[in-house]
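Data block for protein-v1.cif (mmCIF, C-alpha atoms):
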```cif
data_final
#
loop_
_atom_site.label_atom_id
_atom_site.label_comp_id
_atom_site.auth_asym_id
_atom_site.auth_seq_id
_atom_site.Cartn_x
_atom_site.Cartn_y
_atom_site.Cartn_z
CA MET A 1242 177.12 18.47 39.52
CA LEU A 1243 173.49 17.61 38.76
CA PHE A 1244 172.46 20.00 41.51
CA THR A 1245 174.38 22.83 39.83
CA ILE A 1246 172.71 22.15 36.47
CA PHE A 1247 169.21 22.16 37.93
CA ALA A 1248 169.97 25.17 40.14
CA VAL A 1249 171.11 27.16 37.11
CA LEU A 1250 167.99 26.01 35.22
CA THR A 1251 165.75 27.12 38.09
CA VAL A 1252 167.31 30.54 38.49
CA ALA A 1253 167.49 31.14 34.73
CA GLY A 1254 163.81 30.26 34.37
CA ALA A 1255 162.88 32.57 37.23
CA VAL A 1256 164.91 35.48 35.83
CA ALA A 1257 163.40 34.92 32.37
CA ALA A 1258 159.90 34.79 33.85
CA MET A 1259 160.45 38.10 35.56
CA SER A 1260 161.93 39.84 32.51
CA PHE A 1261 159.79 38.86 29.48
CA ARG A 1262 157.40 41.48 28.17
CA ASN A 1263 154.89 38.90 26.92
CA LEU A 1264 153.11 37.40 29.93
CA VAL A 1265 152.49 34.01 28.28
CA HIS A 1266 156.23 33.66 27.68
CA SER A 1267 156.73 34.54 31.34
CA VAL A 1268 154.50 31.68 32.43
CA LEU A 1269 156.35 29.24 30.16
CA ALA A 1270 159.65 30.31 31.73
CA LEU A 1271 158.02 29.93 35.14
CA MET A 1272 157.12 26.33 34.24
CA VAL A 1273 160.80 25.67 33.41
CA SER A 1274 161.77 27.13 36.78
CA PHE A 1275 159.24 24.97 38.64
CA CYS A 1276 160.43 21.84 36.81
CA GLY A 1277 164.02 22.63 37.78
CA LEU A 1278 162.95 23.06 41.38
CA ALA A 1279 161.10 19.72 41.25
CA ALA A 1280 164.33 18.09 40.02
CA VAL A 1281 166.18 19.67 42.96
CA TYR A 1282 163.57 18.17 45.31
CA LEU A 1283 164.12 14.76 43.69
CA LEU A 1284 167.88 15.12 44.13
CA LEU A 1285 167.34 15.93 47.80
CA GLY A 1286 165.40 12.70 48.25
CA ALA A 1287 161.91 14.18 48.52
CA GLN A 1288 160.20 12.25 45.74
CA PHE A 1289 156.66 12.98 46.88
CA VAL A 1290 157.26 16.73 47.08
CA GLY A 1291 158.91 16.76 43.66
CA LEU A 1292 155.96 15.00 42.07
CA ALA A 1293 153.49 17.24 43.94
CA GLN A 1294 155.44 20.26 42.69
CA VAL A 1295 155.06 19.12 39.08
CA LEU A 1296 151.39 18.24 39.53
CA VAL A 1297 150.29 21.34 41.45
CA TYR A 1298 152.55 24.09 40.11
CA VAL A 1299 153.30 23.06 36.53
CA GLY A 1300 149.96 21.35 36.05
CA ALA A 1301 147.49 23.54 37.90
CA VAL A 1302 148.85 26.92 39.01
CA ALA A 1303 150.63 27.74 35.73
CA ILE A 1304 147.53 26.84 33.69
CA LEU A 1305 145.41 28.97 36.05
CA ILE A 1306 147.78 31.92 35.50
CA VAL A 1307 147.57 31.43 31.71
CA PHE A 1308 143.76 31.57 31.94
CA ALA A 1309 143.94 34.74 34.05
CA ILE A 1310 146.31 36.32 31.50
CA LEU A 1311 143.96 35.49 28.64
CA PHE A 1312 141.01 36.95 30.59
CA THR A 1313 142.77 40.23 31.36
CA ARG A 1314 144.23 41.38 28.05
CA GLU A 1315 145.42 44.96 28.10
CA PRO A 1316 144.26 46.91 25.06
CA SER A 1317 147.21 46.63 22.69
CA GLY A 1318 148.68 49.50 20.79
CA LYS A 1319 150.19 51.83 23.36
CA ILE A 1320 153.64 50.61 24.30
CA GLN A 1321 154.43 51.39 27.90
CA SER A 1322 157.28 50.46 30.16
CA ILE A 1323 157.04 47.14 31.98
CA VAL A 1324 158.91 48.37 35.04
CA SER A 1325 157.44 50.65 37.64
CA PRO A 1326 158.86 54.16 38.13
CA SER A 1327 160.39 53.23 41.48
CA TRP A 1328 162.54 50.45 40.03
CA ALA A 1329 165.83 51.85 41.35
CA ALA A 1330 164.71 51.86 44.99
CA SER A 1331 163.18 48.38 44.51
CA GLY A 1332 166.46 47.12 43.08
CA VAL A 1333 168.36 48.44 46.10
CA VAL A 1334 165.90 46.67 48.42
CA VAL A 1335 166.25 43.39 46.49
CA LEU A 1336 170.05 43.55 46.53
CA ALA A 1337 170.03 44.31 50.25
CA VAL A 1338 167.72 41.36 50.98
CA PHE A 1339 169.83 38.99 48.92
CA GLY A 1340 173.03 40.27 50.48
CA VAL A 1341 171.75 39.77 54.01
CA LEU A 1342 170.42 36.28 53.21
CA ALA A 1343 173.62 35.15 51.49
CA TRP A 1344 175.79 36.57 54.26
CA ALA A 1345 173.71 34.80 56.90
CA VAL A 1346 173.83 31.49 54.99
CA LEU A 1347 177.59 31.61 54.45
CA HIS A 1348 178.48 32.70 57.98
CA SER A 1349 176.06 30.62 60.02
CA SER A 1350 177.44 27.74 62.04
CA ALA A 1351 174.12 25.87 61.72
CA THR A 1352 174.60 25.26 58.00
CA GLN A 1353 178.03 23.65 58.20
CA SER A 1354 176.94 20.06 58.85
CA GLY A 1355 177.18 17.90 55.76
CA ALA A 1356 176.11 14.61 57.30
CA VAL A 1357 173.15 12.91 55.65
CA ALA A 1358 171.25 10.26 57.55
CA PRO A 1359 169.42 7.63 55.49
CA VAL A 1360 165.69 8.17 55.68
CA ASP A 1361 162.59 6.33 54.52
CA THR A 1362 160.74 8.67 52.15
CA SER A 1363 158.54 6.09 50.45
CA MET A 1364 154.94 6.94 49.63
CA GLN A 1365 153.93 4.43 52.28
CA ALA A 1366 155.75 6.27 55.07
CA ILE A 1367 154.39 9.64 53.91
CA GLY A 1368 150.85 8.31 53.64
CA LYS A 1369 151.06 6.79 57.10
CA ALA A 1370 152.35 10.05 58.56
CA LEU A 1371 149.60 12.02 56.77
CA MET A 1372 146.86 9.74 57.98
CA VAL A 1373 148.04 9.25 61.58
CA GLN A 1374 150.29 12.02 62.82
CA PHE A 1375 149.19 14.87 60.54
CA ALA A 1376 145.53 13.92 60.08
CA ILE A 1377 144.09 17.11 61.58
CA PRO A 1378 146.31 19.50 59.54
CA LEU A 1379 145.35 17.53 56.44
CA GLU A 1380 141.66 18.03 57.17
CA ILE A 1381 142.22 21.73 57.85
CA VAL A 1382 144.04 22.16 54.52
CA GLY A 1383 141.16 20.42 52.77
CA LEU A 1384 138.70 22.79 54.43
CA LEU A 1385 140.89 25.78 53.56
CA LEU A 1386 141.06 24.73 49.90
CA THR A 1387 137.28 24.32 49.75
CA VAL A 1388 136.62 27.72 51.33
CA ALA A 1389 139.27 29.45 49.20
CA LEU A 1390 138.01 28.00 45.92
CA ILE A 1391 134.36 28.83 46.71
CA GLY A 1392 135.51 32.33 47.63
CA ALA A 1393 137.52 32.63 44.41
CA VAL A 1394 134.50 31.65 42.31
CA THR A 1395 132.31 34.10 44.25
CA ILE A 1396 134.77 36.94 43.66
CA ALA A 1397 135.40 36.22 39.99
CA VAL A 1398 131.85 35.40 38.91
CA HIS A 1399 130.17 37.99 36.73
CA GLU A 1400 127.46 39.82 38.71
CA LYS A 1401 124.83 40.73 36.12
CA ARG A 1402 122.51 42.92 38.19
CA GLU A 1403 125.10 45.54 39.07
CA VAL A 1404 126.20 46.18 35.49
CA ARG A 1405 124.21 48.99 33.89
CA MET B 585 180.66 24.70 50.38
CA THR B 586 178.38 22.12 51.92
CA PRO B 587 175.29 20.88 50.05
CA LEU B 588 173.06 22.60 52.60
CA ASN B 589 174.80 25.90 51.83
CA GLY B 590 174.20 25.34 48.12
CA CYS B 591 170.51 24.73 48.66
CA LEU B 592 170.14 27.77 50.89
CA LEU B 593 172.01 30.00 48.41
CA LEU B 594 169.78 28.77 45.56
CA SER B 595 166.77 29.47 47.74
CA SER B 596 167.88 33.01 48.61
CA LEU B 597 168.66 33.72 44.95
CA LEU B 598 165.18 32.50 43.97
CA PHE B 599 163.66 34.64 46.72
CA ALA B 600 165.55 37.71 45.50
CA VAL B 601 164.41 37.15 41.90
CA GLY B 602 160.79 36.74 43.02
CA LEU B 603 161.03 39.84 45.20
CA ALA B 604 162.49 41.80 42.29
CA GLY B 605 159.58 40.73 40.06
CA ALA B 606 157.01 41.57 42.71
CA LEU B 607 158.49 45.00 43.39
CA ILE B 608 159.63 46.13 39.95
CA ARG B 609 157.09 44.84 37.43
CA ARG B 610 153.86 46.78 36.89
CA ASN B 611 151.52 43.98 35.83
CA ALA B 612 149.46 42.52 38.68
CA ILE B 613 149.78 38.94 37.38
CA LEU B 614 153.58 39.25 37.24
CA VAL B 615 153.50 40.40 40.86
CA LEU B 616 151.56 37.25 41.75
CA ILE B 617 154.11 35.11 39.87
CA GLY B 618 156.87 36.76 41.89
CA ILE B 619 155.06 35.88 45.12
CA GLU B 620 154.77 32.25 43.93
CA LEU B 621 158.53 32.20 43.33
CA MET B 622 159.17 33.47 46.85
CA LEU B 623 156.90 30.76 48.27
CA ASN B 624 158.85 28.15 46.32
CA ALA B 625 162.10 29.49 47.75
CA ALA B 626 160.70 29.02 51.25
CA ASN B 627 159.64 25.45 50.37
CA LEU B 628 163.16 24.68 49.18
CA ASN B 629 164.47 25.87 52.54
CA PHE B 630 162.13 23.48 54.35
CA ILE B 631 163.27 20.54 52.24
CA ALA B 632 166.97 21.41 52.62
CA PHE B 633 166.78 21.76 56.40
CA TRP B 634 164.74 18.55 56.62
CA ARG B 635 167.27 16.60 54.54
CA TYR B 636 170.40 17.85 56.28
CA GLY B 637 168.86 18.33 59.72
CA PRO B 638 169.40 16.14 62.76
CA ASN B 639 166.18 14.11 62.55
CA PRO B 640 164.97 13.53 58.98
CA ALA B 641 163.00 10.42 59.94
CA ALA B 642 160.22 12.55 61.44
CA LEU B 643 159.25 13.77 57.90
CA THR B 644 158.26 17.17 59.28
CA GLY B 645 159.87 19.15 56.46
CA VAL B 646 158.09 17.11 53.79
CA MET B 647 154.77 17.52 55.56
CA PHE B 648 155.23 21.26 55.94
CA VAL B 649 156.00 21.61 52.23
CA VAL B 650 152.98 19.51 51.23
CA PHE B 651 150.69 21.74 53.28
CA SER B 652 152.48 24.84 52.02
CA ILE B 653 151.89 23.78 48.41
CA GLY B 654 148.19 23.36 49.19
CA VAL B 655 147.95 26.80 50.78
CA ALA B 656 149.89 28.33 47.88
CA ALA B 657 147.43 26.82 45.40
CA ALA B 658 144.53 28.37 47.32
CA GLU B 659 146.37 31.69 47.43
CA ALA B 660 146.98 31.64 43.68
CA ALA B 661 143.30 30.92 42.98
CA VAL B 662 142.07 33.75 45.22
CA GLY B 663 144.69 36.19 43.94
CA LEU B 664 143.88 35.54 40.29
CA ALA B 665 140.15 35.85 41.05
CA LEU B 666 140.80 39.25 42.65
CA ILE B 667 142.83 40.36 39.61
CA ILE B 668 140.05 39.25 37.24
CA ALA B 669 137.40 41.06 39.32
CA LEU B 670 139.54 44.20 39.40
CA TYR B 671 140.09 44.00 35.63
CA ARG B 672 136.36 43.66 35.06
CA HIS B 673 135.72 46.89 36.96
CA THR B 674 138.63 49.01 35.70
CA LYS B 675 139.92 47.32 32.49
CA ILE B 676 143.51 47.77 33.66
CA THR B 677 146.02 45.35 35.14
CA ASN B 678 148.74 47.91 35.78
CA ILE B 679 148.95 48.20 39.55
CA ASP B 680 150.45 51.69 39.38
CA GLN B 681 147.20 52.97 37.86
CA ILE B 682 144.93 51.21 40.33
CA ASN B 683 144.72 53.89 42.99
CA SER B 684 141.00 54.43 43.48
CA MET B 685 141.12 53.08 47.05
CA ARG B 686 143.85 55.54 47.98
CA GLY B 687 142.60 57.88 50.73
#
```

Please re-express this file's structure in structure tokens.
Amino acid sequence: MLFTIFAVLTVAGAVAAMSFRNLVHSVLALMVSFCGLAAVYLLLGAQFVGLAQVLVYVGAVAILIVFAILFTREPSGKIQSIVSPSWAASGVVVLAVFGVLAWAVLHSSATQSGAVAPVDTSMQAIGKALMVQFAIPLEIVGLLLTVALIGAVTIAVHEKREVR
Amino acid sequence: MTPLNGCLLLSSLLFAVGLAGALIRRNAILVLIGIELMLNAANLNFIAFWRYGPNPAALTGVMFVVFSIGVAAAEAAVGLALIIALYRHTKITNIDQINSMRG
């Protein structure tokens, strides 16, 4: 029951985010969708991932998108359509993708097991796994984040000498 | 319908909505938001298969999602930086009008 509520919240937020004309409203709806998804993670027993979802997506990525929207204001006045001219073909592609995915989910024998084994998902177990078993991937992700953020600053910084 | 089926259906619905946004909308930032939604749908799949899979004690699904969230954050930062750089050059964010690299 709770799962249904949060699933509906997530999908409704996503649909609203994709359909608002005002981009700031879109990001607010996206935050609702991410919060619903974090609640689904909590229901599934992944506390750490749910909290990381709230921290990273709602806290950081959504704020970053708001900043980007405020930096890239279109000149207002001319009202133009928000959908691209090829929306009909895109809609057919989207429906086909969803149809294939849903058919595969509902007809697969791998998704029929409903047994849930008890599992230790405490912060202690996750921290131990991160520091022992997954130490090298953790370091690589740290390196990737450093490189990506330096690259992002390099791309977005205003180059004064080339502007004439 | 088993709980795993519910999770996977929610995930495919989320993926379809994100794909629709990425394909149909014209604004570059909305396209990026659609891609974020698709990444989140994939993360939900990882968590669902980890929870209802045969060996949840290994924590592999949780670890994969943690790393995936980190990579997605880096991707969002680089993508928004590219959009801002593009806007500074052309003053448009409509990706249908950005065709100067077309051969």

query: How far is it from CA of Leu1371 in chain A to CA of Ala657 in chain B, in Å with one decimal?
result: 18.8 Å

- request: Considering only C-alpha atoms, extract the chain B residues located within 7 Å of chain A and return them as an MDAnalysis selection string.
  value: chainID B and resid 586:589 592:594 596:598 600:601 603:605 607:610 635:636 640:641 646 650:651 654 657:658 660:662 664:666 668:669 671 676

query: Given the choices A:Leu1296, A:Ile1304, A:Leu1250, A:Leu1284, which gets closest to Val1265 in chain A if the distance is worked out from all atoms listed in the file?
result: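 Of A:Leu1296, A:Ile1304, A:Leu1250, A:Leu1284, the one nearest Val1265 in chain A is A:Ile1304, counting all atoms listed in the file.
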
- request: Please provide as a PyMOL selection string all residues within 9 Å of Asn611 in chain B, with the sequence filter that same-chain residues fewer than 3 positions apart are discarded (counting only C-alpha atoms).
  value: (chain A and resi 1264+1323-1324) or (chain B and resi 614-616+677-680)

message: I'd like to know which of B:Ala612, B:Ser595, B:Met647, B:Ile653 is closest to Leu628 in chain B, using only C-alpha atoms.
response: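 Of B:Ala612, B:Ser595, B:Met647, B:Ile653, the one nearest Leu628 in chain B, counting only C-alpha atoms, is B:Ser595.
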
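The spacing separating CA of Leu623 in chain B from CA of Gln1321 in chain A amounts to 29.1 Å.
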
Length of the CA of Gly663 in chain B to CA of Gly618 in chain B vector [Å]: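 Going from CA of Gly663 in chain B over to CA of Gly618 in chain B, I get 12.4 Å.
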
Would you kindly place N, CA and C atoms on range 630-665 of chain B and return the model as a tab-separated table (two decimals), in the frame of the given file?
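Result saved to out37.tsv:
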```tsv
chain	number	residue	atom	x	y	z
B	630	PHE	N	162.66	24.54	53.48
B	630	PHE	CA	162.13	23.48	54.35
B	630	PHE	C	162.73	22.13	53.99
B	631	ILE	N	162.77	21.84	52.66
B	631	ILE	CA	163.27	20.54	52.24
B	631	ILE	C	164.75	20.40	52.58
B	632	ALA	N	165.52	21.49	52.36
B	632	ALA	CA	166.97	21.41	52.62
B	632	ALA	C	167.24	21.17	54.10
B	633	PHE	N	166.54	21.92	54.96
B	633	PHE	CA	166.78	21.76	56.40
B	633	PHE	C	166.29	20.40	56.89
B	634	TRP	N	165.21	19.89	56.25
B	634	TRP	CA	164.74	18.55	56.62
B	634	TRP	C	165.79	17.50	56.26
B	635	ARG	N	166.36	17.63	55.04
B	635	ARG	CA	167.27	16.60	54.54
B	635	ARG	C	168.58	16.59	55.32
B	636	TYR	N	169.11	17.77	55.62
B	636	TYR	CA	170.40	17.85	56.28
B	636	TYR	C	170.28	18.14	57.77
B	637	GLY	N	169.06	18.08	58.30
B	637	GLY	CA	168.86	18.33	59.72
B	637	GLY	C	169.17	17.11	60.55
B	638	PRO	N	169.02	17.25	61.87
B	638	PRO	CA	169.40	16.14	62.76
B	638	PRO	C	168.43	14.97	62.75
B	639	ASN	N	167.16	15.18	62.42
B	639	ASN	CA	166.18	14.11	62.55
B	639	ASN	C	165.28	14.04	61.32
B	640	PRO	N	165.81	13.55	60.18
B	640	PRO	CA	164.97	13.53	58.98
B	640	PRO	C	163.88	12.46	59.02
B	641	ALA	N	163.97	11.51	59.92
B	641	ALA	CA	163.00	10.42	59.94
B	641	ALA	C	161.62	10.89	60.35
B	642	ALA	N	161.53	12.07	60.98
B	642	ALA	CA	160.22	12.55	61.44
B	642	ALA	C	159.37	13.07	60.29
B	643	LEU	N	159.96	13.33	59.10
B	643	LEU	CA	159.25	13.77	57.90
B	643	LEU	C	158.55	15.12	58.08
B	644	THR	N	158.98	15.91	59.06
B	644	THR	CA	158.26	17.17	59.28
B	644	THR	C	158.44	18.15	58.13
B	645	GLY	N	159.65	18.22	57.57
B	645	GLY	CA	159.87	19.15	56.46
B	645	GLY	C	159.00	18.81	55.26
B	646	VAL	N	158.92	17.52	54.93
B	646	VAL	CA	158.09	17.11	53.79
B	646	VAL	C	156.64	17.47	54.05
B	647	MET	N	156.17	17.22	55.26
B	647	MET	CA	154.77	17.52	55.56
B	647	MET	C	154.49	19.01	55.46
B	648	PHE	N	155.42	19.81	56.00
B	648	PHE	CA	155.23	21.26	55.94
B	648	PHE	C	155.15	21.72	54.49
B	649	VAL	N	156.01	21.17	53.63
B	649	VAL	CA	156.00	21.61	52.23
B	649	VAL	C	154.72	21.16	51.54
B	650	VAL	N	154.24	19.97	51.85
B	650	VAL	CA	152.98	19.51	51.23
B	650	VAL	C	151.84	20.46	51.60
B	651	PHE	N	151.75	20.81	52.88
B	651	PHE	CA	150.69	21.74	53.28
B	651	PHE	C	150.92	23.12	52.67
B	652	SER	N	152.18	23.52	52.59
B	652	SER	CA	152.48	24.84	52.02
B	652	SER	C	152.08	24.90	50.55
B	653	ILE	N	152.29	23.79	49.81
B	653	ILE	CA	151.89	23.78	48.41
B	653	ILE	C	150.37	23.90	48.30
B	654	GLY	N	149.65	23.24	49.21
B	654	GLY	CA	148.19	23.36	49.19
B	654	GLY	C	147.74	24.78	49.46
B	655	VAL	N	148.33	25.42	50.46
B	655	VAL	CA	147.95	26.80	50.78
B	655	VAL	C	148.32	27.73	49.64
B	656	ALA	N	149.48	27.47	48.99
B	656	ALA	CA	149.89	28.33	47.88
B	656	ALA	C	148.93	28.20	46.71
B	657	ALA	N	148.40	26.99	46.48
B	657	ALA	CA	147.43	26.82	45.40
B	657	ALA	C	146.17	27.63	45.70
B	658	ALA	N	145.71	27.58	46.95
B	658	ALA	CA	144.53	28.37	47.32
B	658	ALA	C	144.80	29.86	47.15
B	659	GLU	N	146.01	30.28	47.55
B	659	GLU	CA	146.37	31.69	47.43
B	659	GLU	C	146.40	32.13	45.98
B	660	ALA	N	146.93	31.27	45.10
B	660	ALA	CA	146.98	31.64	43.68
B	660	ALA	C	145.57	31.78	43.12
B	661	ALA	N	144.67	30.85	43.51
B	661	ALA	CA	143.30	30.92	42.98
B	661	ALA	C	142.62	32.20	43.43
B	662	VAL	N	142.73	32.53	44.72
B	662	VAL	CA	142.07	33.75	45.22
B	662	VAL	C	142.70	35.00	44.62
B	663	GLY	N	144.04	35.03	44.51
B	663	GLY	CA	144.69	36.19	43.94
B	663	GLY	C	144.30	36.43	42.50
B	664	LEU	N	144.25	35.36	41.69
B	664	LEU	CA	143.88	35.54	40.29
B	664	LEU	C	142.42	35.95	40.18
B	665	ALA	N	141.56	35.42	41.07
B	665	ALA	CA	140.15	35.85	41.05
B	665	ALA	C	140.03	37.33	41.36
```
